[in-house]
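Report on one structure; see the data block that follows.
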Amino acid sequence: MSLTWPRERRITRRAEYTACYSGGERLFTKYFVVFARSSGMTETGRLGLAVTKKCGNAVARNRIKRVLRSFFRLHQDEMPAMDIVVTPKKHLRADKFDLCLAEAELLPLLAELSSVSEAKPDASMPSGDAA
RNA sequence: GGAGUCGGACGGGCUGUCGCUGCGGACCAUUCGGUCCGGGGAGGAAAGUCCGGGCUUCACAGGGCAGGAUGCUGGCUAACGGCCAGAGCGGGUGACCGCUGGAAAGCGCAACAGAAAGCAGACCGCCGUUCUUCGGAACGGUAAGGGUGAAACGGUGAGGCAAGAGCUCACCGGCUGGCGUGGCGACACGUCAGGCCAGGCAAGCCCCAUCCGAAGCAAAACCAAAUAGGGAAACCGGCCGGCCCGGCCCAUGGUUUCCGGGUAGGUUGCUUGAAGGCGCGGGCAACCGCGUCUCUAGAGGAAUGACAGCCGCCGCUCCUCCGGGAACGGCACAAAACCCGGCUUACAGUCCGACUCCCCUG
RNA sequence: GGGGCGUUAACUCAGUCGGUAGAGUACCUGCCUUUUAAGCAGAGAGUCGCGCGUUCGAAUCGCGCACGCCCCA
């Protein structure tokens, strides 16, 4: 099993982001807001990161995105086959943020998303997503 | 030894595991692509976006107005509001640093205080004449002295006068004009004449000189799905017509093919360039020329990382055989987005060079 | 990438062709009222975002920053 994360597993279209924002699950932790939506077109999930300028300057934002990307790459077995958009809240301190904090915050959330995805195995059902 | 001025260089290093990206090679597939190997992968400011250029598209006969920018002189440059060298003025004991067109073209502004704030004038004074209730008042002369202010119409001395005054004279300071010398020039020095003095603010309007077409890689070029609409042709159909030829289908049919515009999307633009290193030569320098060597990021919901270990530096605590050792914490500012030349701003620390002042010792 | 606006008392805002910084609300004190609210009177509160400059003098003018907001592509 390789722990790679190629470009096909990223969300690269604005329409796909807005679909996640409007029609999907919405989960909250202390530092993050997570939007998740069953993509239906791929077996593996895809990841999108939206880090606004309120999180700091370019160096801080790059570090947050890199740590989050590394977390999803290392825990891709626990990840459901969904489009997931992660947005940090603005009080996340980039210099105090590391992989341990990301695991503590996001691992229970991934388990919750997996159970939701197991409960609805027919991922292409549009009415379930809209509800 | 202390304090300081100016300039330059660097801005953590090494190893391992797992990743991202594009380049080259091999293999598989040859339609997209995939696997493996190799060697690349943020900065001195990449930043702010304050200027200037290249490049691209659009516009454009020439000239002017408006608007904007710049502003001592000379040079450098593709260009600049940048840099270098100088001039004048100001600050500093000094190394050194800062500022810069025009106020005798015009308009405008100056609160409060003060008599008066812009070219003349006179509150207290001083002087003369007249009057007097002897306190002074009126008229006239004057601008030396007083007080106000950020700023009050040259300074010193002598002559002069009723008192005074550039009123006159000498010297000094400043101004204008002429001449001479040095300098490419800003300007400096000298000399003669004039007139006695011309206030400040143009980062208020303005005047003068020079420069400026607009927009920006989301520029722009190429390929181009679906849907809607446009054009052309062929056939079927309909109409005119007895039939052929021919014409029409206008608000009006159906099928097929083609065409151009162009959206989503994709590719290019995209990194070899006013490039950098070294050497030689010219120049006080900025910079330029020649020779030689090197290729040094090209992403694109946006890569250049994540996690460990060791070393380096700093702070603090503890131990110490005073050589040092151990634990903990920290190591800045800030990340390419078409590319260059500058400016400005942020920055933990480290190193180098030149110079100045003070103290001590010889 | 390009362009614009704002920052003044605890809050919301005036004040811009330079001259001792104001208003409303709030707070405090007093009057009124049995008390509160309302009303009346009075008082306090400001490095005018920061720095440098021009000027005799800067909230105002010039330059450089910081923070916040908005628009276009």
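Convention: chains lettered A, B, ... in structure tokens order; per-chain residue numbering from 1; ligands numbered from 1 as shown.
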
Nearby residues (only C-alpha atoms (C1' of nucleotides)) at most 12 Å from C52 of chain C, same-chain spacing under 2 positions excluded, as a PyMOL selection string: chain C and resi 50+54+62-65

Long-range neighbours of segment 182-187 of chain B as a list in words, 9 Å cut-off, only C-alpha atoms (C1' of nucleotides), 4 positions minimum in chain: C72, U73, G74, G86, A87 and G88 of chain B

Helix (DSSP H, G or I) call set, DSSP backbone run, segment 47-106 of chain A, as a PyMOL selection string: chain A and resi 53-55+58-74+94-96+99-106

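Within the 8 Å cut-off around Ala102 of chain A, using only C-alpha atoms (C1' of nucleotides) and omitting residues fewer than 4 positions from it on the same chain, the listed residues are Val67, Leu68, Phe71, Phe97, Asp98, Leu106 and Leu107 of chain A.
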
Generate a file of the selected residues that holds C-alpha atoms, formatted as a PDB file, in the first residue's frame.
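Generated output (out08.pdb):
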```pdb
ATOM      1  CA  VAL A  67       0.048  19.867   7.576  1.00  0.00           C
ATOM      2  CA  LEU A  68      -3.547  19.141   6.629  1.00  0.00           C
ATOM      3  CA  PHE A  71      -2.577  14.319   7.690  1.00  0.00           C
ATOM      4  CA  PHE A  97      -0.287  23.719  14.592  1.00  0.00           C
ATOM      5  CA  ASP A  98       1.291  20.293  13.943  1.00  0.00           C
ATOM      6  CA  LEU A 106      -9.906  15.326  12.755  1.00  0.00           C
ATOM      7  CA  LEU A 107      -9.631  11.569  13.417  1.00  0.00           C
TER       8      LEU A 107
END
```

Shell around Met79 of chain A at 9 Å using only C-alpha atoms (C1' of nucleotides), local window under 4 positions removed, as a PyMOL selection string: chain A and resi 44-45+72+75+110-111+113-114

Let me see the file: selected residues, N, CA and C atoms, as a PDB file, in the first residue's frame.
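Below is the file that was written, result35.pdb:
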```pdb
ATOM      1  N   THR A  44     -12.353   6.632  -4.462  1.00  0.00           N
ATOM      2  CA  THR A  44     -11.625   7.273  -3.376  1.00  0.00           C
ATOM      3  C   THR A  44     -12.147   8.688  -3.177  1.00  0.00           C
ATOM      4  N   GLY A  45     -11.926   9.209  -1.964  1.00  0.00           N
ATOM      5  CA  GLY A  45     -12.374  10.551  -1.677  1.00  0.00           C
ATOM      6  C   GLY A  45     -11.423  11.587  -2.248  1.00  0.00           C
ATOM      7  N   PHE A  72      -4.094  13.991   5.799  1.00  0.00           N
ATOM      8  CA  PHE A  72      -5.010  13.195   4.973  1.00  0.00           C
ATOM      9  C   PHE A  72      -4.258  12.139   4.183  1.00  0.00           C
ATOM     10  N   HIS A  75      -3.586   9.261   6.658  1.00  0.00           N
ATOM     11  CA  HIS A  75      -4.788   8.599   7.167  1.00  0.00           C
ATOM     12  C   HIS A  75      -5.791   8.375   6.050  1.00  0.00           C
ATOM     13  N   LEU A 110     -13.381  11.904  11.025  1.00  0.00           N
ATOM     14  CA  LEU A 110     -13.322  10.989   9.901  1.00  0.00           C
ATOM     15  C   LEU A 110     -14.116   9.723  10.188  1.00  0.00           C
ATOM     16  N   ALA A 111     -14.063   9.243  11.435  1.00  0.00           N
ATOM     17  CA  ALA A 111     -14.832   8.062  11.805  1.00  0.00           C
ATOM     18  C   ALA A 111     -16.324   8.343  11.683  1.00  0.00           C
ATOM     19  N   LEU A 113     -17.771  10.521   9.691  1.00  0.00           N
ATOM     20  CA  LEU A 113     -18.102  10.601   8.276  1.00  0.00           C
ATOM     21  C   LEU A 113     -18.161   9.219   7.652  1.00  0.00           C
ATOM     22  N   SER A 114     -17.287   8.307   8.087  1.00  0.00           N
ATOM     23  CA  SER A 114     -17.290   6.966   7.529  1.00  0.00           C
ATOM     24  C   SER A 114     -18.574   6.240   7.899  1.00  0.00           C
TER      25      SER A 114
END
```

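Within 7 Å of chain B, counting only C-alpha atoms (C1' of nucleotides), chain A contributes Thr4, Thr12, Arg13, Ala58, Val59, Arg66, Val67 and Ser70 of chain A.
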
Distance query G90 of chain B at most 12 Å, only C-alpha atoms (C1' of nucleotides), self and fewer than 3 positions along chain excluded, as a ChimeraX atom specification: /B:97-100

Those of chain A in DSSP strand (DSSP E), formatted as a list in words: Glu25, Arg26, Leu27, Phe28, Phe32, Val33, Val34, Phe35, Ala36, Arg37, Arg46, Leu47, Gly48, Leu49, Asp83, Ile84, Val85, Val86, Thr87 and Pro88 of chain A

Contact residues around A14 of chain C with only C-alpha atoms (C1' of nucleotides) at 12 Å, ignoring same-chain residues under 4 positions, as number ranges by chain: C: 8, 21-24

Within 10 Å of A9 of chain C using only C-alpha atoms (C1' of nucleotides), minus same-chain residues under 2 positions, as a list in words: C11, A45 and G46 of chain C
